[in-house]
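So this one's data29.tsv, TSV, N, CA and C atoms and all ligand atoms:
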chain	number	residue	atom	x	y	z
G	28	MET	N	0.86	-1.20	0.00
G	28	MET	CA	0.00	0.00	0.00
G	28	MET	C	0.89	1.25	0.00
G	29	ALA	N	0.77	2.03	-1.03
G	29	ALA	CA	1.67	3.17	-1.22
G	29	ALA	C	1.43	4.28	-0.20
G	30	ASP	N	0.20	4.72	-0.12
G	30	ASP	CA	-0.12	5.84	0.77
G	30	ASP	C	-1.37	5.48	1.56
G	31	PRO	N	-1.21	5.05	2.78
G	31	PRO	CA	-2.35	4.56	3.55
G	31	PRO	C	-3.40	5.64	3.84
G	32	SER	N	-3.02	6.92	3.75
G	32	SER	CA	-3.98	7.97	4.05
G	32	SER	C	-4.77	8.42	2.82
G	33	ALA	N	-4.30	8.04	1.61
G	33	ALA	CA	-5.02	8.41	0.39
G	33	ALA	C	-6.29	7.57	0.28
G	34	PRO	N	-7.34	8.10	-0.42
G	34	PRO	CA	-8.55	7.29	-0.58
G	34	PRO	C	-8.24	5.98	-1.31
G	35	GLU	N	-8.78	4.88	-0.80
G	35	GLU	CA	-8.63	3.61	-1.48
G	35	GLU	C	-9.35	3.70	-2.83
G	36	ALA	N	-8.80	3.02	-3.84
G	36	ALA	CA	-9.44	3.04	-5.17
G	36	ALA	C	-10.88	2.57	-5.06
G	37	GLY	N	-11.12	1.58	-4.20
G	37	GLY	CA	-12.47	1.05	-4.05
G	37	GLY	C	-13.47	2.09	-3.54
G	38	GLU	N	-12.98	3.03	-2.73
G	38	GLU	CA	-13.84	4.09	-2.20
G	38	GLU	C	-14.31	5.03	-3.30
G	39	LEU	N	-13.56	5.05	-4.41
G	39	LEU	CA	-13.85	6.02	-5.48
G	39	LEU	C	-14.76	5.45	-6.56
G	40	VAL	N	-15.09	4.15	-6.47
G	40	VAL	CA	-15.96	3.54	-7.48
G	40	VAL	C	-17.30	4.27	-7.57
G	41	PRO	N	-17.94	4.63	-6.43
G	41	PRO	CA	-19.21	5.34	-6.54
G	41	PRO	C	-19.07	6.72	-7.19
G	42	TYR	N	-17.84	7.21	-7.29
G	42	TYR	CA	-17.60	8.54	-7.85
G	42	TYR	C	-17.02	8.47	-9.28
G	43	GLY	N	-17.01	7.28	-9.84
G	43	GLY	CA	-16.69	7.16	-11.26
G	43	GLY	C	-15.33	6.58	-11.61
G	44	TYR	N	-14.47	6.39	-10.60
G	44	TYR	CA	-13.16	5.82	-10.90
G	44	TYR	C	-13.07	4.38	-10.41
G	45	ALA	N	-12.48	3.52	-11.24
G	45	ALA	CA	-12.16	2.16	-10.82
G	45	ALA	C	-10.83	1.78	-11.44
G	46	PRO	N	-9.98	1.10	-10.70
G	46	PRO	CA	-8.68	0.72	-11.25
G	46	PRO	C	-8.83	-0.34	-12.34
G	47	GLY	N	-7.88	-0.33	-13.24
G	47	GLY	CA	-7.92	-1.29	-14.34
G	47	GLY	C	-6.72	-1.07	-15.23
G	48	SER	N	-6.75	-1.67	-16.42
G	48	SER	CA	-5.58	-1.59	-17.30
G	48	SER	C	-5.94	-1.00	-18.66
G	49	TYR	N	-7.08	-0.30	-18.73
G	49	TYR	CA	-7.49	0.33	-19.99
G	49	TYR	C	-7.05	1.79	-20.02
G	50	TYR	N	-6.79	2.25	-21.25
G	50	TYR	CA	-6.42	3.64	-21.46
G	50	TYR	C	-7.71	4.38	-21.81
G	51	VAL	N	-8.25	5.14	-20.87
G	51	VAL	CA	-9.55	5.78	-21.08
G	51	VAL	C	-9.44	7.30	-20.85
G	52	THR	N	-10.45	8.01	-21.35
G	52	THR	CA	-10.47	9.47	-21.22
G	52	THR	C	-11.43	9.86	-20.11
G	53	CYS	N	-10.98	10.73	-19.22
G	53	CYS	CA	-11.82	11.21	-18.13
G	53	CYS	C	-12.93	12.10	-18.69
G	54	GLY	N	-14.17	11.84	-18.28
G	54	GLY	CA	-15.30	12.63	-18.76
G	54	GLY	C	-15.32	14.03	-18.19
G	55	GLU	N	-14.47	14.28	-17.20
G	55	GLU	CA	-14.52	15.59	-16.55
G	55	GLU	C	-13.36	16.48	-16.99
G	56	CYS	N	-12.13	16.00	-16.85
G	56	CYS	CA	-10.97	16.84	-17.20
G	56	CYS	C	-10.42	16.48	-18.58
G	57	LYS	N	-10.98	15.43	-19.20
G	57	LYS	CA	-10.61	15.01	-20.57
G	57	LYS	C	-9.18	14.47	-20.68
G	58	GLU	N	-8.55	14.25	-19.53
G	58	GLU	CA	-7.20	13.67	-19.54
G	58	GLU	C	-7.30	12.16	-19.74
G	59	LYS	N	-6.27	11.59	-20.38
G	59	LYS	CA	-6.19	10.13	-20.51
G	59	LYS	C	-5.66	9.55	-19.21
G	60	PHE	N	-6.20	8.41	-18.83
G	60	PHE	CA	-5.70	7.74	-17.63
G	60	PHE	C	-5.88	6.24	-17.77
G	61	ILE	N	-5.18	5.50	-16.93
G	61	ILE	CA	-5.28	4.04	-16.91
G	61	ILE	C	-6.28	3.65	-15.83
G	62	GLY	N	-7.32	2.94	-16.26
G	62	GLY	CA	-8.32	2.52	-15.29
G	62	GLY	C	-9.24	1.48	-15.89
G	63	ASP	N	-10.32	1.20	-15.18
G	63	ASP	CA	-11.31	0.26	-15.69
G	63	ASP	C	-11.93	0.84	-16.97
G	64	LYS	N	-12.28	-0.05	-17.93
G	64	LYS	CA	-12.81	0.47	-19.21
G	64	LYS	C	-14.15	1.19	-19.02
G	65	ARG	N	-14.86	0.93	-17.92
G	65	ARG	CA	-16.12	1.61	-17.67
G	65	ARG	C	-15.96	2.83	-16.76
G	66	ALA	N	-14.72	3.11	-16.32
G	66	ALA	CA	-14.50	4.25	-15.44
G	66	ALA	C	-14.86	5.55	-16.17
G	67	ALA	N	-15.63	6.39	-15.52
G	67	ALA	CA	-16.08	7.64	-16.14
G	67	ALA	C	-15.13	8.80	-15.82
G	68	ARG	N	-14.36	8.66	-14.74
G	68	ARG	CA	-13.49	9.75	-14.32
G	68	ARG	C	-12.13	9.22	-13.89
G	69	CYS	N	-11.13	10.09	-14.00
G	69	CYS	CA	-9.81	9.74	-13.50
G	69	CYS	C	-9.84	9.76	-11.97
G	70	ARG	N	-8.80	9.25	-11.38
G	70	ARG	CA	-8.78	9.15	-9.92
G	70	ARG	C	-8.87	10.52	-9.24
G	71	ALA	N	-8.16	11.50	-9.79
G	71	ALA	CA	-8.17	12.84	-9.18
G	71	ALA	C	-9.56	13.45	-9.23
G	72	CYS	N	-10.26	13.32	-10.37
G	72	CYS	CA	-11.60	13.89	-10.50
G	72	CYS	C	-12.58	13.15	-9.59
G	73	ALA	N	-12.43	11.82	-9.49
G	73	ALA	CA	-13.30	11.05	-8.60
G	73	ALA	C	-13.06	11.47	-7.15
G	74	ALA	N	-11.80	11.72	-6.79
G	74	ALA	CA	-11.49	12.15	-5.43
G	74	ALA	C	-12.10	13.52	-5.16
G	75	MET	N	-12.11	14.39	-6.18
G	75	MET	CA	-12.74	15.71	-6.03
G	75	MET	C	-14.24	15.57	-5.81
G	76	ARG	N	-14.85	14.63	-6.56
G	76	ARG	CA	-16.29	14.37	-6.38
G	76	ARG	C	-16.58	13.90	-4.97
G	77	LYS	N	-15.70	13.03	-4.47
G	77	LYS	CA	-15.88	12.50	-3.13
G	77	LYS	C	-15.80	13.64	-2.11
G	78	LEU	N	-14.85	14.54	-2.32
G	78	LEU	CA	-14.69	15.68	-1.42
G	78	LEU	C	-15.92	16.59	-1.47
G	79	ALA	N	-16.44	16.81	-2.71
G	79	ALA	CA	-17.62	17.65	-2.87
G	79	ALA	C	-18.81	17.03	-2.14
G	80	GLU	N	-18.93	15.70	-2.25
G	80	GLU	CA	-20.00	14.99	-1.54
G	80	GLU	C	-19.84	15.16	-0.03
G	81	THR	N	-18.60	15.06	0.44
G	81	THR	CA	-18.32	15.22	1.86
G	81	THR	C	-18.71	16.62	2.32
G	82	GLU	N	-18.39	17.62	1.51
G	82	GLU	CA	-18.72	19.00	1.87
G	82	GLU	C	-20.24	19.19	1.93
G	83	LYS	N	-20.94	18.53	0.98
G	83	LYS	CA	-22.40	18.62	0.96
G	83	LYS	C	-22.98	18.01	2.23
G	84	ARG	N	-22.43	16.86	2.63
G	84	ARG	CA	-22.93	16.21	3.84
G	84	ARG	C	-22.60	17.04	5.08
G	85	LEU	N	-21.44	17.67	5.07
G	85	LEU	CA	-21.09	18.56	6.18
G	85	LEU	C	-22.07	19.73	6.28
G	86	ALA	N	-22.42	20.29	5.11
G	86	ALA	CA	-23.36	21.41	5.09
G	86	ALA	C	-24.71	20.96	5.64
G	87	GLU	N	-25.13	19.75	5.26
G	87	GLU	CA	-26.40	19.21	5.77
G	87	GLU	C	-26.34	19.01	7.27
G	88	ALA	N	-25.19	18.53	7.73
G	88	ALA	CA	-25.02	18.30	9.16
G	88	ALA	C	-25.04	19.63	9.92
G	89	GLN	N	-24.40	20.65	9.34
G	89	GLN	CA	-24.41	21.97	9.98
G	89	GLN	C	-25.83	22.51	10.06
G	90	GLU	N	-26.61	22.25	9.00
G	90	GLU	CA	-28.00	22.69	9.01
G	90	GLU	C	-28.76	21.99	10.14
G	91	ALA	N	-28.49	20.70	10.31
G	91	ALA	CA	-29.15	19.95	11.39
G	91	ALA	C	-28.79	20.55	12.74
G	92	LEU	N	-27.52	20.90	12.90
G	92	LEU	CA	-27.07	21.49	14.17
G	92	LEU	C	-27.74	22.84	14.39
G	93	ARG	N	-27.92	23.59	13.28
G	93	ARG	CA	-28.57	24.89	13.39
G	93	ARG	C	-30.02	24.71	13.86
G	94	VAL	N	-30.66	23.67	13.32
G	94	VAL	CA	-32.05	23.38	13.71
G	94	VAL	C	-32.11	23.07	15.21
G	95	ILE	N	-31.16	22.26	15.65
G	95	ILE	CA	-31.13	21.91	17.08
G	95	ILE	C	-30.98	23.16	17.93
G	96	ALA	N	-30.10	24.05	17.46
G	96	ALA	CA	-29.81	25.26	18.23
G	96	ALA	C	-30.99	26.21	18.27
G	97	THR	N	-31.83	26.20	17.25
G	97	THR	CA	-32.87	27.22	17.16
G	97	THR	C	-34.26	26.69	17.51
G	98	GLN	N	-34.39	25.38	17.66
G	98	GLN	CA	-35.73	24.86	17.95
G	98	GLN	C	-35.71	24.02	19.22
G	99	SER	N	-36.84	24.03	19.86
G	99	SER	CA	-36.99	23.17	21.02
G	99	SER	C	-37.58	21.85	20.55
G	100	VAL	N	-36.71	20.85	20.43
G	100	VAL	CA	-37.15	19.59	19.83
G	100	VAL	C	-37.11	18.45	20.84
G	101	TYR	N	-36.76	18.77	22.06
G	101	TYR	CA	-36.46	17.69	23.00
G	101	TYR	C	-37.68	17.00	23.57
G	102	GLU	N	-38.88	17.50	23.23
G	102	GLU	CA	-40.08	16.79	23.69
G	102	GLU	C	-40.36	15.60	22.79
G	103	ASP	N	-39.84	15.64	21.59
G	103	ASP	CA	-40.10	14.59	20.61
G	103	ASP	C	-38.90	13.63	20.57
G	104	ASP	N	-39.04	12.50	21.24
G	104	ASP	CA	-37.91	11.57	21.36
G	104	ASP	C	-37.42	11.06	20.01
G	105	GLU	N	-38.37	10.74	19.13
G	105	GLU	CA	-37.98	10.15	17.85
G	105	GLU	C	-37.12	11.15	17.06
G	106	TYR	N	-37.56	12.40	17.05
G	106	TYR	CA	-36.82	13.44	16.34
G	106	TYR	C	-35.45	13.63	16.99
G	107	ARG	N	-35.41	13.56	18.29
G	107	ARG	CA	-34.15	13.73	19.01
G	107	ARG	C	-33.15	12.64	18.61
G	108	TYR	N	-33.64	11.41	18.50
G	108	TYR	CA	-32.75	10.31	18.11
G	108	TYR	C	-32.26	10.49	16.68
G	109	GLN	N	-33.15	10.95	15.80
G	109	GLN	CA	-32.75	11.21	14.42
G	109	GLN	C	-31.63	12.26	14.39
G	110	LEU	N	-31.81	13.31	15.16
G	110	LEU	CA	-30.80	14.38	15.20
G	110	LEU	C	-29.49	13.86	15.78
G	111	GLN	N	-29.59	13.00	16.79
G	111	GLN	CA	-28.37	12.44	17.37
G	111	GLN	C	-27.62	11.61	16.32
G	112	ASP	N	-28.37	10.86	15.51
G	112	ASP	CA	-27.74	10.10	14.43
G	112	ASP	C	-27.04	11.04	13.45
G	113	MET	N	-27.70	12.16	13.15
G	113	MET	CA	-27.12	13.12	12.20
G	113	MET	C	-25.85	13.74	12.79
G	114	ILE	N	-25.88	14.01	14.08
G	114	ILE	CA	-24.69	14.58	14.73
G	114	ILE	C	-23.54	13.57	14.68
G	115	ASP	N	-23.84	12.31	14.98
G	115	ASP	CA	-22.80	11.27	14.93
G	115	ASP	C	-22.24	11.14	13.51
G	116	ALA	N	-23.14	11.17	12.52
G	116	ALA	CA	-22.70	11.06	11.13
G	116	ALA	C	-21.84	12.27	10.76
G	117	ALA	N	-22.25	13.44	11.23
G	117	ALA	CA	-21.51	14.67	10.93
G	117	ALA	C	-20.11	14.60	11.51
G	118	ARG	N	-20.00	14.04	12.69
G	118	ARG	CA	-18.69	13.93	13.33
G	118	ARG	C	-17.78	13.01	12.51
G	119	GLU	N	-18.34	11.89	12.04
G	119	GLU	CA	-17.57	10.97	11.20
G	119	GLU	C	-17.14	11.64	9.91
G	120	VAL	N	-18.09	12.37	9.29
G	120	VAL	CA	-17.79	13.05	8.02
G	120	VAL	C	-16.70	14.09	8.24
G	121	ALA	N	-16.80	14.82	9.34
G	121	ALA	CA	-15.82	15.87	9.62
G	121	ALA	C	-14.43	15.26	9.81
G	122	GLU	N	-14.36	14.15	10.54
G	122	GLU	CA	-13.06	13.51	10.77
G	122	GLU	C	-12.48	12.99	9.46
G	123	ASP	N	-13.37	12.41	8.63
G	123	ASP	CA	-12.95	11.90	7.33
G	123	ASP	C	-12.45	13.05	6.44
G	124	ALA	N	-13.19	14.16	6.47
G	124	ALA	CA	-12.82	15.33	5.65
G	124	ALA	C	-11.47	15.89	6.09
G	125	LEU	N	-11.25	15.91	7.38
G	125	LEU	CA	-9.98	16.43	7.90
G	125	LEU	C	-8.82	15.55	7.46
G	126	ARG	N	-9.06	14.22	7.46
G	126	ARG	CA	-8.02	13.30	6.99
G	126	ARG	C	-7.74	13.53	5.51
G	127	SER	N	-8.83	13.68	4.70
G	127	SER	CA	-8.69	13.92	3.26
G	127	SER	C	-7.93	15.22	3.01
G	128	ALA	N	-8.30	16.26	3.77
G	128	ALA	CA	-7.66	17.56	3.59
G	128	ALA	C	-6.17	17.47	3.92
G	129	ALA	N	-5.84	16.73	4.95
G	129	ALA	CA	-4.44	16.57	5.34
G	129	ALA	C	-3.67	15.84	4.24
G	130	THR	N	-4.36	14.90	3.57
G	130	THR	CA	-3.73	14.12	2.52
G	130	THR	C	-3.53	14.95	1.25
G	131	SER	N	-4.58	15.70	0.83
G	131	SER	CA	-4.48	16.45	-0.41
G	131	SER	C	-3.64	17.70	-0.23
G	132	GLY	N	-3.50	18.16	1.00
G	132	GLY	CA	-2.74	19.39	1.26
G	132	GLY	C	-1.27	19.29	0.96
G	133	LYS	N	-0.75	18.05	0.90
G	133	LYS	CA	0.68	17.92	0.70
G	133	LYS	C	1.09	18.07	-0.77
G	134	GLY	N	0.07	18.15	-1.69
G	134	GLY	CA	0.35	18.28	-3.13
G	134	GLY	C	0.90	19.65	-3.46
G	135	GLU	N	0.02	20.68	-3.40
G	135	GLU	CA	0.50	22.02	-3.69
G	135	GLU	C	-0.14	23.02	-2.76
G	201	ZN	ZN	-10.24	13.75	-14.60

Represent the structure from my file as structure tokens, please.
Amino acid sequence: MADPSAPEAGELVPYGYAPGSYYVTCGECKEKFIGDKRAARCRACAAMRKLAETEKRLAEAQEALRVIATQSVYEDDEYRYQLQDMIDAAREVAEDALRSAATSGKGE
């Protein structure tokens, strides 16, 4: 394993990149890359998509936290548990994002 902190290739499959031995063109940056013949994006573009998705989830989590801060929701147990799940998910996303940022920051 070359870089244990970089996203695993498998993590990027939902974002369009898969490893392989075909010479394909990225649908996003139009660069040629080596990957699966069905891969739609190069690894860098797929990683950017993953980061964008992470940012979107963080924004959603922040919105959930804002709702908690501005509304009295504690009488409704079910809603409270849902919000607690969102907070836990947000914490995981934030930690993941910080790891990704630390990894991509060493480039330029
Ligand atoms: Zn690309």

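Picture a line from atom C of Ala91 of chain G to atom CA of Asp115 of chain G; it runs 11.3 Å.
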
message = Using Å and a single decimal, report how far atom CA of Ala36 of chain G sits from atom N of Val51 of chain G.
response = 15.9 Å

request  = May I ask you to write as number ranges by chain all residues lying at most 6 Å from ligand ZN 201 (chain G), with all atoms listed in the file counted?
outcome  = G: 53-58, 68-73

inquiry  = Which residues are near Ala116 of chain G? Cut-off 10 Å, only C-alpha atoms, ignore same chain within fewer than 6 positions. Put them as number ranges by chain.
reply    = G: 84-85, 88, 110, 122

query = Could you state the separation of atom CA of Glu35 of chain G and atom C of Gly62 of chain G in Å, given to one decimal place?
reply =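 For atom CA of Glu35 of chain G relative to atom C of Gly62 of chain G, the distance reads 14.6 Å.
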
Residue among G:Asp112, G:Asp104, G:Glu119, G:Gly43 lying closest to Lys77 of chain G, counting only N, CA and C atoms = G:Gly43

task = May I have the residues within 5 Å of Asp63 of chain G as a ChimeraX atom specification, using all atoms listed in the file and disregarding those fewer than 5 positions away in the same chain?
result = /G:45-48

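Secondary structure from DSSP on the backbone puts strand (DSSP E or B) at the following positions of chain G: Tyr49, Tyr50, Val51, Thr52, Lys59, Phe60, Ile61 and Gly62 of chain G.
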
note = Restricting to only C-alpha atoms, whichever of G:Leu39, G:Met113, G:Tyr50, G:Ala121 is closest to Glu90 of chain G is G:Met113

task = Run DSSP on the backbone and give me the residues of chain G it puts in alpha helix (DSSP H), as a ChimeraX atom specification.
result = /G:70-97,104-131
